[in-house]
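Visitor: My structure file query.cif, mmCIF, C-alpha atoms, is below:
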```cif
data_structure
#
loop_
_atom_site.label_atom_id
_atom_site.label_comp_id
_atom_site.auth_asym_id
_atom_site.auth_seq_id
_atom_site.Cartn_x
_atom_site.Cartn_y
_atom_site.Cartn_z
CA MET A 1 -78.91 -0.58 10.04
CA SER A 2 -78.92 -3.91 8.25
CA SER A 3 -81.01 -6.88 9.33
CA TYR A 4 -77.88 -8.71 10.45
CA GLN A 5 -76.89 -5.88 12.77
CA LYS A 6 -80.43 -5.73 14.16
CA GLU A 7 -80.20 -9.45 14.90
CA LEU A 8 -76.98 -8.91 16.83
CA GLU A 9 -78.42 -6.06 18.93
CA LYS A 10 -80.45 -8.44 21.07
CA TYR A 11 -77.24 -10.08 22.31
CA ARG A 12 -75.62 -6.82 23.43
CA ASP A 13 -77.06 -6.77 26.98
CA ILE A 14 -76.75 -10.49 27.74
CA ASP A 15 -75.14 -11.33 31.07
CA GLU A 16 -72.43 -13.90 30.30
CA ASP A 17 -71.72 -14.56 33.99
CA GLU A 18 -75.34 -15.49 34.62
CA ILE A 19 -75.25 -17.94 31.71
CA LEU A 20 -72.03 -19.55 32.97
CA ARG A 21 -73.48 -19.98 36.46
CA THR A 22 -76.42 -21.92 35.06
CA LEU A 23 -74.26 -24.38 33.12
CA SER A 24 -73.67 -27.87 34.47
CA PRO A 25 -70.13 -29.29 34.96
CA GLU A 26 -70.52 -31.41 31.80
CA GLU A 27 -71.51 -28.36 29.78
CA LEU A 28 -68.60 -26.34 31.19
CA GLU A 29 -66.18 -29.11 30.19
CA GLN A 30 -67.64 -29.19 26.69
CA LEU A 31 -67.35 -25.39 26.45
CA ASP A 32 -63.70 -25.55 27.56
CA CYS A 33 -62.96 -28.08 24.81
CA GLU A 34 -64.60 -25.86 22.20
CA LEU A 35 -62.59 -22.81 23.25
CA GLN A 36 -59.23 -24.54 22.94
CA GLU A 37 -57.15 -23.16 20.07
CA MET A 38 -56.01 -26.02 17.86
CA ASP A 39 -54.10 -25.98 14.59
CA PRO A 40 -54.49 -29.42 12.96
CA GLU A 41 -52.54 -28.43 9.82
CA ASN A 42 -49.39 -27.22 11.61
CA MET A 43 -46.93 -30.13 11.28
CA LEU A 44 -44.42 -28.38 13.55
CA LEU A 45 -46.65 -28.85 16.60
CA PRO A 46 -46.82 -32.13 18.52
CA ALA A 47 -49.90 -34.28 18.11
CA GLY A 48 -51.30 -33.19 21.49
CA LEU A 49 -51.49 -29.56 20.32
CA ARG A 50 -52.95 -30.30 16.88
CA GLN A 51 -55.99 -32.30 18.03
CA ARG A 52 -58.08 -32.31 21.21
CA ASP A 53 -57.72 -35.15 23.65
CA GLN A 54 -60.87 -37.22 23.12
CA THR A 55 -59.73 -40.24 25.10
CA LYS A 56 -62.09 -41.12 27.95
CA LYS A 57 -60.45 -44.44 28.77
CA SER A 58 -57.84 -44.55 31.51
CA PRO A 59 -54.36 -45.90 30.59
CA THR A 60 -53.96 -49.65 30.95
CA GLY A 61 -50.21 -49.61 31.58
CA PRO A 62 -46.85 -48.63 30.13
CA LEU A 63 -46.22 -48.70 26.36
CA ASP A 64 -45.14 -52.08 24.97
CA ARG A 65 -43.85 -51.34 21.48
CA ASP A 66 -43.39 -54.97 20.38
CA ALA A 67 -46.89 -55.93 21.51
CA LEU A 68 -48.37 -52.91 19.72
CA LEU A 69 -46.59 -53.76 16.45
CA GLN A 70 -47.68 -57.39 16.70
CA TYR A 71 -51.29 -56.29 17.27
CA LEU A 72 -51.22 -53.90 14.30
CA GLU A 73 -49.74 -56.56 12.00
CA GLN A 74 -52.35 -59.11 13.09
CA GLN A 75 -55.14 -56.60 12.59
CA ALA A 76 -53.86 -55.72 9.10
CA LEU A 77 -53.82 -59.41 8.12
CA GLU A 78 -57.38 -59.93 9.33
CA VAL A 79 -58.86 -57.01 7.40
CA LYS A 80 -60.52 -58.22 4.22
CA GLU A 81 -59.14 -56.74 1.03
CA ARG A 82 -61.42 -54.51 -0.98
CA ASP A 83 -62.71 -55.98 -4.22
CA ASP A 84 -61.67 -54.23 -7.41
CA LEU A 85 -64.38 -52.40 -9.30
CA VAL A 86 -63.09 -53.98 -12.50
CA PRO A 87 -61.46 -57.38 -11.85
CA PHE A 88 -58.05 -57.97 -13.35
CA THR A 89 -58.07 -60.71 -16.01
CA GLY A 90 -54.63 -60.24 -17.59
CA GLU A 91 -56.12 -59.47 -20.98
CA LYS A 92 -54.08 -57.04 -23.09
CA LYS A 93 -56.09 -54.43 -24.94
CA GLY A 94 -54.96 -52.20 -27.74
CA LYS A 95 -51.94 -52.45 -29.97
CA PRO A 96 -48.31 -52.10 -28.86
CA TYR A 97 -46.62 -48.87 -29.90
CA ILE A 98 -44.08 -49.25 -32.69
CA GLN A 99 -41.86 -46.25 -33.26
CA PRO A 100 -41.89 -45.29 -36.93
CA LYS A 101 -38.59 -45.34 -38.77
CA ARG A 102 -37.32 -41.92 -39.70
CA GLU A 103 -35.81 -41.60 -43.11
CA ILE A 104 -32.70 -39.40 -43.20
CA PRO A 105 -32.99 -36.70 -45.88
CA VAL A 106 -30.42 -36.70 -48.62
CA GLN A 107 -28.90 -33.40 -47.52
CA GLU A 108 -28.30 -34.81 -44.01
CA GLN A 109 -26.72 -38.05 -45.12
CA ILE A 110 -22.96 -38.23 -44.57
CA THR A 111 -20.81 -40.35 -46.78
CA LEU A 112 -17.41 -41.34 -45.42
CA GLU A 113 -14.48 -42.93 -47.11
CA PRO A 114 -14.51 -46.74 -47.22
CA GLU A 115 -11.59 -46.95 -44.80
CA LEU A 116 -13.41 -44.82 -42.19
CA GLU A 117 -16.65 -46.72 -42.65
CA GLU A 118 -14.85 -50.00 -42.03
CA ALA A 119 -12.97 -48.58 -38.99
CA LEU A 120 -16.19 -47.32 -37.39
CA ALA A 121 -17.99 -50.57 -38.08
CA ASN A 122 -15.26 -52.59 -36.35
CA ALA A 123 -14.66 -50.13 -33.44
CA THR A 124 -15.23 -51.35 -29.90
CA ASP A 125 -17.32 -49.57 -27.29
CA ALA A 126 -14.22 -48.14 -25.63
CA GLU A 127 -12.96 -46.74 -28.93
CA MET A 128 -16.38 -45.23 -29.69
CA CYS A 129 -16.38 -43.61 -26.27
CA ASP A 130 -13.00 -41.98 -26.95
CA ILE A 131 -14.13 -40.78 -30.36
CA ALA A 132 -17.29 -39.23 -28.86
CA ALA A 133 -15.15 -37.42 -26.27
CA ILE A 134 -12.80 -36.06 -28.93
CA LEU A 135 -15.77 -34.82 -30.97
CA GLY A 136 -17.14 -33.01 -27.90
CA MET A 137 -20.18 -35.25 -27.26
CA TYR A 138 -19.75 -35.03 -23.48
CA THR A 139 -23.46 -35.70 -22.83
CA LEU A 140 -23.02 -39.36 -23.87
CA MET A 141 -20.57 -40.22 -21.09
CA SER A 142 -19.57 -39.45 -17.54
CA ASN A 143 -17.16 -36.67 -16.63
CA LYS A 144 -14.45 -39.17 -15.74
CA GLN A 145 -14.69 -40.86 -19.18
CA TYR A 146 -14.69 -37.51 -20.97
CA TYR A 147 -11.59 -36.08 -19.25
CA ASP A 148 -9.74 -39.41 -19.39
CA ALA A 149 -10.23 -39.49 -23.16
CA ILE A 150 -9.25 -35.82 -23.62
CA CYS A 151 -6.17 -35.82 -21.37
CA SER A 152 -4.77 -39.24 -22.26
CA GLY A 153 -2.97 -40.05 -25.48
CA GLU A 154 -4.24 -43.63 -25.64
CA ILE A 155 -7.53 -45.48 -25.25
CA CYS A 156 -8.23 -45.71 -21.54
CA ASN A 157 -12.03 -46.16 -21.39
CA THR A 158 -12.93 -49.81 -20.97
CA GLU A 159 -16.61 -49.57 -20.06
CA GLY A 160 -18.02 -47.98 -23.19
CA ILE A 161 -20.72 -45.37 -23.61
CA SER A 162 -23.33 -47.59 -21.95
CA SER A 163 -21.64 -47.02 -18.58
CA VAL A 164 -23.04 -43.49 -18.28
CA VAL A 165 -25.66 -44.74 -15.80
CA GLN A 166 -23.03 -46.38 -13.61
CA PRO A 167 -21.39 -44.37 -10.81
CA ASP A 168 -17.67 -43.74 -10.87
CA LYS A 169 -15.65 -45.81 -8.45
CA TYR A 170 -13.46 -43.81 -6.10
CA LYS A 171 -10.90 -45.01 -3.66
CA PRO A 172 -12.09 -44.74 -0.04
CA VAL A 173 -10.22 -42.19 2.02
CA PRO A 174 -9.19 -43.60 5.41
CA ASP A 175 -9.99 -41.67 8.55
CA GLU A 176 -7.31 -39.70 10.28
CA PRO A 177 -5.50 -41.61 13.02
CA PRO A 178 -6.47 -40.63 16.57
CA ASN A 179 -4.44 -38.04 18.41
CA PRO A 180 -1.73 -39.94 20.34
CA THR A 181 -1.12 -37.13 22.84
CA ASN A 182 -0.98 -38.23 26.47
CA ILE A 183 -2.87 -35.52 28.34
CA GLU A 184 -1.45 -36.37 31.77
CA GLU A 185 2.14 -36.15 30.51
CA ILE A 186 1.38 -32.85 28.75
CA LEU A 187 -0.13 -31.45 31.95
CA LYS A 188 2.91 -32.54 33.94
CA SER A 189 5.32 -30.97 31.43
CA VAL A 190 3.40 -27.70 31.39
CA ARG A 191 3.42 -27.52 35.18
CA ASN A 192 7.17 -28.22 35.28
CA ASN A 193 7.77 -25.54 32.63
CA ASP A 194 9.60 -28.01 30.36
CA LYS A 195 11.66 -26.03 27.86
CA GLU A 196 11.39 -28.81 25.22
CA LEU A 197 7.60 -28.50 25.08
CA GLU A 198 6.70 -25.69 22.66
CA GLU A 199 3.40 -26.98 21.27
CA VAL A 200 0.31 -28.37 23.04
CA ASN A 201 -1.93 -30.10 20.49
CA LEU A 202 -5.11 -31.69 21.89
CA ASN A 203 -7.10 -31.62 18.64
CA ASN A 204 -9.93 -34.15 18.18
CA ILE A 205 -9.63 -35.60 21.69
CA GLN A 206 -13.28 -35.48 22.77
CA ASP A 207 -13.16 -37.29 26.10
CA ILE A 208 -10.98 -34.86 28.05
CA PRO A 209 -12.53 -34.10 31.46
CA ILE A 210 -13.37 -30.44 32.04
CA PRO A 211 -11.35 -30.28 35.32
CA MET A 212 -8.24 -31.51 33.49
CA LEU A 213 -8.58 -28.84 30.79
CA THR A 214 -9.11 -26.23 33.48
CA GLU A 215 -5.94 -27.40 35.26
CA LEU A 216 -4.05 -27.25 31.98
CA CYS A 217 -5.14 -23.64 31.40
CA GLU A 218 -4.20 -22.82 34.98
CA ALA A 219 -0.73 -24.31 34.46
CA MET A 220 -0.31 -22.33 31.22
CA LYS A 221 -0.47 -19.07 33.19
CA THR A 222 3.11 -19.48 34.44
CA ASN A 223 4.57 -21.43 31.52
CA THR A 224 7.21 -19.58 29.49
CA TYR A 225 8.08 -22.05 26.72
CA VAL A 226 4.81 -23.14 25.08
CA ARG A 227 4.26 -21.17 21.86
CA SER A 228 1.19 -22.93 20.39
CA PHE A 229 -1.96 -24.05 22.24
CA SER A 230 -4.66 -25.89 20.21
CA LEU A 231 -8.01 -27.22 21.47
CA VAL A 232 -9.79 -27.97 18.17
CA ALA A 233 -12.86 -30.27 18.39
CA THR A 234 -12.50 -31.09 22.07
CA ARG A 235 -16.18 -30.36 22.95
CA SER A 236 -15.04 -27.38 25.00
CA GLY A 237 -17.71 -24.98 26.26
CA ASP A 238 -17.92 -21.68 28.10
CA PRO A 239 -16.13 -22.93 31.27
CA ILE A 240 -13.04 -23.76 29.19
CA ALA A 241 -13.34 -20.43 27.33
CA ASN A 242 -13.32 -18.57 30.64
CA ALA A 243 -10.26 -20.57 31.75
CA VAL A 244 -8.51 -19.71 28.46
CA ALA A 245 -9.38 -16.04 28.99
CA ASP A 246 -7.81 -16.08 32.49
CA MET A 247 -4.73 -17.77 31.02
CA LEU A 248 -4.34 -15.08 28.32
CA ARG A 249 -4.35 -12.31 30.93
CA GLU A 250 -1.23 -13.72 32.63
CA ASN A 251 0.66 -15.70 29.98
CA ARG A 252 3.29 -13.73 28.04
CA SER A 253 4.90 -16.47 25.92
CA LEU A 254 1.98 -17.88 23.90
CA ARG A 255 1.97 -16.99 20.19
CA SER A 256 -0.84 -19.12 18.70
CA LEU A 257 -4.27 -20.05 20.14
CA ASN A 258 -6.77 -22.28 18.30
CA ILE A 259 -10.19 -23.08 19.83
CA GLU A 260 -12.15 -23.82 16.63
CA SER A 261 -14.96 -26.39 16.25
CA ASN A 262 -16.19 -26.35 19.84
CA PHE A 263 -19.38 -25.55 21.78
CA ILE A 264 -18.41 -22.04 22.91
CA SER A 265 -21.27 -19.54 22.97
CA SER A 266 -21.17 -15.78 22.46
CA THR A 267 -20.51 -15.25 26.19
CA GLY A 268 -17.39 -17.42 26.13
CA LEU A 269 -16.07 -15.82 22.93
CA MET A 270 -16.62 -12.36 24.37
CA ALA A 271 -14.57 -13.30 27.44
CA VAL A 272 -11.71 -14.56 25.24
CA LEU A 273 -11.76 -11.40 23.08
CA LYS A 274 -11.63 -9.13 26.13
CA ALA A 275 -8.64 -11.09 27.43
CA VAL A 276 -6.84 -10.78 24.08
CA ARG A 277 -6.81 -6.99 24.53
CA GLU A 278 -4.63 -7.46 27.64
CA ASN A 279 -2.20 -9.80 25.85
CA ALA A 280 0.50 -8.21 23.71
CA THR A 281 2.34 -11.36 22.57
CA LEU A 282 -0.42 -13.37 20.84
CA THR A 283 -0.01 -13.29 17.03
CA GLU A 284 -2.54 -15.91 15.87
CA LEU A 285 -6.12 -16.51 17.07
CA ARG A 286 -8.66 -18.95 15.57
CA VAL A 287 -12.24 -19.14 16.90
CA ASP A 288 -14.31 -20.22 13.87
CA ASN A 289 -16.89 -23.04 13.48
CA GLN A 290 -18.57 -22.98 16.87
CA ARG A 291 -21.81 -24.84 17.53
CA GLN A 292 -23.90 -21.68 17.15
CA TRP A 293 -23.44 -18.33 15.47
CA PRO A 294 -22.06 -15.87 18.06
CA GLY A 295 -24.06 -12.87 16.85
CA ASP A 296 -23.48 -9.35 15.53
CA ALA A 297 -22.17 -7.98 18.83
CA VAL A 298 -19.37 -10.58 18.97
CA GLU A 299 -18.38 -9.93 15.35
CA MET A 300 -18.18 -6.20 16.03
CA GLU A 301 -16.04 -6.96 19.09
CA MET A 302 -13.73 -9.12 16.92
CA ALA A 303 -13.20 -6.24 14.51
CA THR A 304 -12.53 -3.85 17.41
CA VAL A 305 -9.99 -6.24 18.98
CA LEU A 306 -8.13 -6.60 15.68
CA GLU A 307 -7.99 -2.80 15.36
CA GLN A 308 -6.68 -2.33 18.90
CA CYS A 309 -4.21 -5.27 18.93
CA PRO A 310 -1.51 -4.75 16.29
CA SER A 311 0.29 -7.91 17.40
CA ILE A 312 -2.36 -10.23 15.83
CA VAL A 313 -1.42 -10.95 12.22
CA ARG A 314 -3.49 -14.14 11.66
CA PHE A 315 -7.16 -14.43 12.61
CA GLY A 316 -9.41 -17.41 11.84
CA TYR A 317 -13.12 -16.59 11.59
CA HIS A 318 -15.69 -16.36 8.76
CA PHE A 319 -17.63 -13.12 9.18
CA THR A 320 -21.29 -13.09 8.16
CA GLN A 321 -21.76 -9.29 8.26
CA GLN A 322 -20.15 -6.96 5.73
CA GLY A 323 -19.26 -4.20 8.20
CA PRO A 324 -17.14 -6.25 10.65
CA ARG A 325 -15.61 -8.16 7.72
CA ALA A 326 -14.35 -4.98 6.07
CA ARG A 327 -13.02 -3.57 9.34
CA ALA A 328 -11.24 -6.85 10.16
CA ALA A 329 -9.67 -7.07 6.69
CA GLN A 330 -8.37 -3.52 6.94
CA ALA A 331 -7.01 -4.14 10.44
CA MET A 332 -5.24 -7.35 9.39
CA THR A 333 -3.64 -5.58 6.44
CA ARG A 334 -2.38 -2.83 8.74
CA ASN A 335 -1.07 -5.31 11.34
CA ASN A 336 0.84 -7.34 8.75
CA GLU A 337 2.33 -4.16 7.29
CA LEU A 338 3.50 -3.09 10.75
CA ARG A 339 5.05 -6.50 11.31
CA ARG A 340 6.85 -6.28 7.96
CA GLN A 341 8.27 -2.84 8.82
CA GLN A 342 9.44 -4.10 12.21
CA LYS A 343 11.32 -6.98 10.59
CA LYS A 344 13.10 -4.55 8.24
CA ARG A 345 14.41 -2.54 11.17
#
```
Now, as a test, write the supplied structure out as structure tokens.

Guide:
Amino acid sequence: MSSYQKELEKYRDIDEDEILRTLSPEELEQLDCELQEMDPENMLLPAGLRQRDQTKKSPTGPLDRDALLQYLEQQALEVKERDDLVPFTGEKKGKPYIQPKREIPVQEQITLEPELEEALANATDAEMCDIAAILGMYTLMSNKQYYDAICSGEICNTEGISSVVQPDKYKPVPDEPPNPTNIEEILKSVRNNDKELEEVNLNNIQDIPIPMLTELCEAMKTNTYVRSFSLVATRSGDPIANAVADMLRENRSLRSLNIESNFISSTGLMAVLKAVRENATLTELRVDNQRQWPGDAVEMEMATVLEQCPSIVRFGYHFTQQGPRARAAQAMTRNNELRRQQKKR
């Protein structure tokens, strides 16, 4: 047995409870602080979990951010600047670097005809830029200058080679106009089963109340004329997904359903997929780009639904797993082939 182990043997039979009973409240508080597990180098933890609370002073009141900033600025101005170890005098020491001139060897010297020498000497920056592009010196210019010079039959570069550090100017693309659909009129037309209404497009309308969307899905159960129903980027969640699932179980006229770019979780998507199995008229379904990835179980369910529903010929979703992706691709190929054979008959 080593000397270190012999030293530890005397602590084997110590009664820890007896020691704790003899400690004062101050010593117990100090022991509790020492036993706290802290990780000061973990930047993912908040400050209260990276360092012990050593503040003994009670709070003086709520946080006043402007007063705190004013106090910090005043304190920074009052702190005396540290003196430099070597004071700056502005004196320049040493000699400036002069790059030596490189003499071109005789075998590397190129002699052009007098006409070409004169043309190059009198060429402008734009002409030199076009010549460099034609000779393949694409590293001396931007991509826009290079392709403009290659694809155009005349001199079109006006900035010159020196503009390589300048960004290309592009025309700003205006935002798409807002969706002009009147939701109340659409809801009224769907309830009245208006035969002129074949498409319900509520894309990018983000302030639709959840009860109104629920009423619209409820009205779609008995509608027989609407062929396309789109709720892209409407901030719809699982309650709307459940309403859409109930609508799919009863509606027999809908052909296209698009609920992409929403906040539907895996539970809501699973409810929609189970309802699609009971619908034999839906031919297009798009559920991609939700707020969170639905998971492997939902992707496997998507592949199973496509295999069991030959009526779906267009499906919008980007699979992340190879197995469901291959099954879905094979099912879509089979469904489209069945649709093609039905049209021939």

Visitor: Which one of A:Glu218, A:Ser261, A:Ile186, A:Arg65 sits closest to A:Trp293 if you count all atoms listed in the file?

Guide: A:Ser261

Visitor: Using only C-alpha atoms, which of A:Ser253, A:Gln292, A:Val226, A:Ser236 sits nearest A:Pro211?

Guide: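 Answer, going by the shortest atom-to-atom distance: A:Ser236.
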
Visitor: Could you tell me, as a JSON list (two decimals) with C-alpha atoms, in the frame of the given file, exactly which residues end up selected when the PyMOL selection byres ((chain A and resi 248) around 10) is applied to this structure?

Guide:
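Everything below was put into selection21.json:
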```json
[["chain", "number", "residue", "atom", "x", "y", "z"],
["A", 217, "CYS", "CA", -5.14, -23.64, 31.40],
["A", 220, "MET", "CA", -0.31, -22.33, 31.22],
["A", 221, "LYS", "CA", -0.47, -19.07, 33.19],
["A", 242, "ASN", "CA", -13.32, -18.57, 30.64],
["A", 243, "ALA", "CA", -10.26, -20.57, 31.75],
["A", 244, "VAL", "CA", -8.51, -19.71, 28.46],
["A", 245, "ALA", "CA", -9.38, -16.04, 28.99],
["A", 246, "ASP", "CA", -7.81, -16.08, 32.49],
["A", 247, "MET", "CA", -4.73, -17.77, 31.02],
["A", 249, "ARG", "CA", -4.35, -12.31, 30.93],
["A", 250, "GLU", "CA", -1.23, -13.72, 32.63],
["A", 251, "ASN", "CA", 0.66, -15.70, 29.98],
["A", 252, "ARG", "CA", 3.29, -13.73, 28.04],
["A", 253, "SER", "CA", 4.90, -16.47, 25.92],
["A", 254, "LEU", "CA", 1.98, -17.88, 23.90],
["A", 257, "LEU", "CA", -4.27, -20.05, 20.14],
["A", 272, "VAL", "CA", -11.71, -14.56, 25.24],
["A", 273, "LEU", "CA", -11.76, -11.40, 23.08],
["A", 274, "LYS", "CA", -11.63, -9.13, 26.13],
["A", 275, "ALA", "CA", -8.64, -11.09, 27.43],
["A", 276, "VAL", "CA", -6.84, -10.78, 24.08],
["A", 277, "ARG", "CA", -6.81, -6.99, 24.53],
["A", 278, "GLU", "CA", -4.63, -7.46, 27.64],
["A", 279, "ASN", "CA", -2.20, -9.80, 25.85],
["A", 280, "ALA", "CA", 0.50, -8.21, 23.71],
["A", 281, "THR", "CA", 2.34, -11.36, 22.57],
["A", 282, "LEU", "CA", -0.42, -13.37, 20.84]]
```

Visitor: Need to verify the contact set: A:Ala331, 12 Å, only C-alpha atoms, exclusion of same-chain residues closer than 4 positions in sequence. Can you return it as a PyMOL selection string?

Guide: chain A and resi 302-315+324-327+335-338

Visitor: Please measure the separation of atom CA of A:Asn289 and atom CA of A:Glu260, giving the value in Å to one decimal.

Guide: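 Pair atom CA of A:Asn289 / atom CA of A:Glu260 returns 5.7 Å.
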
Visitor: Quick one: of A:Tyr170, A:Tyr4, A:Tyr225, A:Phe263, who's nearest to A:Ser189, counting only C-alpha atoms?

Guide: A:Tyr225

Visitor: Hey, which of A:Thr224, A:Asn179, A:Gly48, A:Tyr97 ends up closest to A:Glu196? Count all atoms listed in the file.

Guide: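 Under the stated criterion, the closest residue is A:Thr224.
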
Visitor: Which residues match the PyMOL selection byres ((chain A and resi 318) around 10) in the file above, as an NGL selection string?

Guide: :A and (287-289 or 299 or 315-317 or 319-321 or 325)

Visitor: Considering only C-alpha atoms, return as a ChimeraX atom specification whatever protein or nucleic-acid residues lie within 8 Å of A:Leu269, sequence-local ones (same chain, fewer than 5 positions apart) excluded.

Guide: /A:241,264,287,294,298

Visitor: Could you state the separation of atom CA of A:Pro180 and atom CA of A:Asn204 in Å, given to one decimal place?

Guide: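 Computed distance, atom CA of A:Pro180 to atom CA of A:Asn204, equals 10.3 Å.
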
Visitor: Using all atoms listed in the file, which of A:Asp53, A:Glu18, A:Lys344, A:Lys6 sits nearest A:Glu34?

Guide: A:Asp53

Visitor: Can you work out the spacing between atom CA of A:Ile183 and atom CA of A:Thr283 in Å, to one decimal?

Guide: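 Separation between atom CA of A:Ile183 and atom CA of A:Thr283: 25.1 Å.
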
Visitor: Enumerate, as a PyMOL selection string, the protein, DNA and RNA residues whose atoms approach (-19.8, -19.3, 27.8) to within 7 Å, taking into account only C-alpha atoms and the coordinate frame of the file.

Guide: chain A and resi 237-239+241+264-268
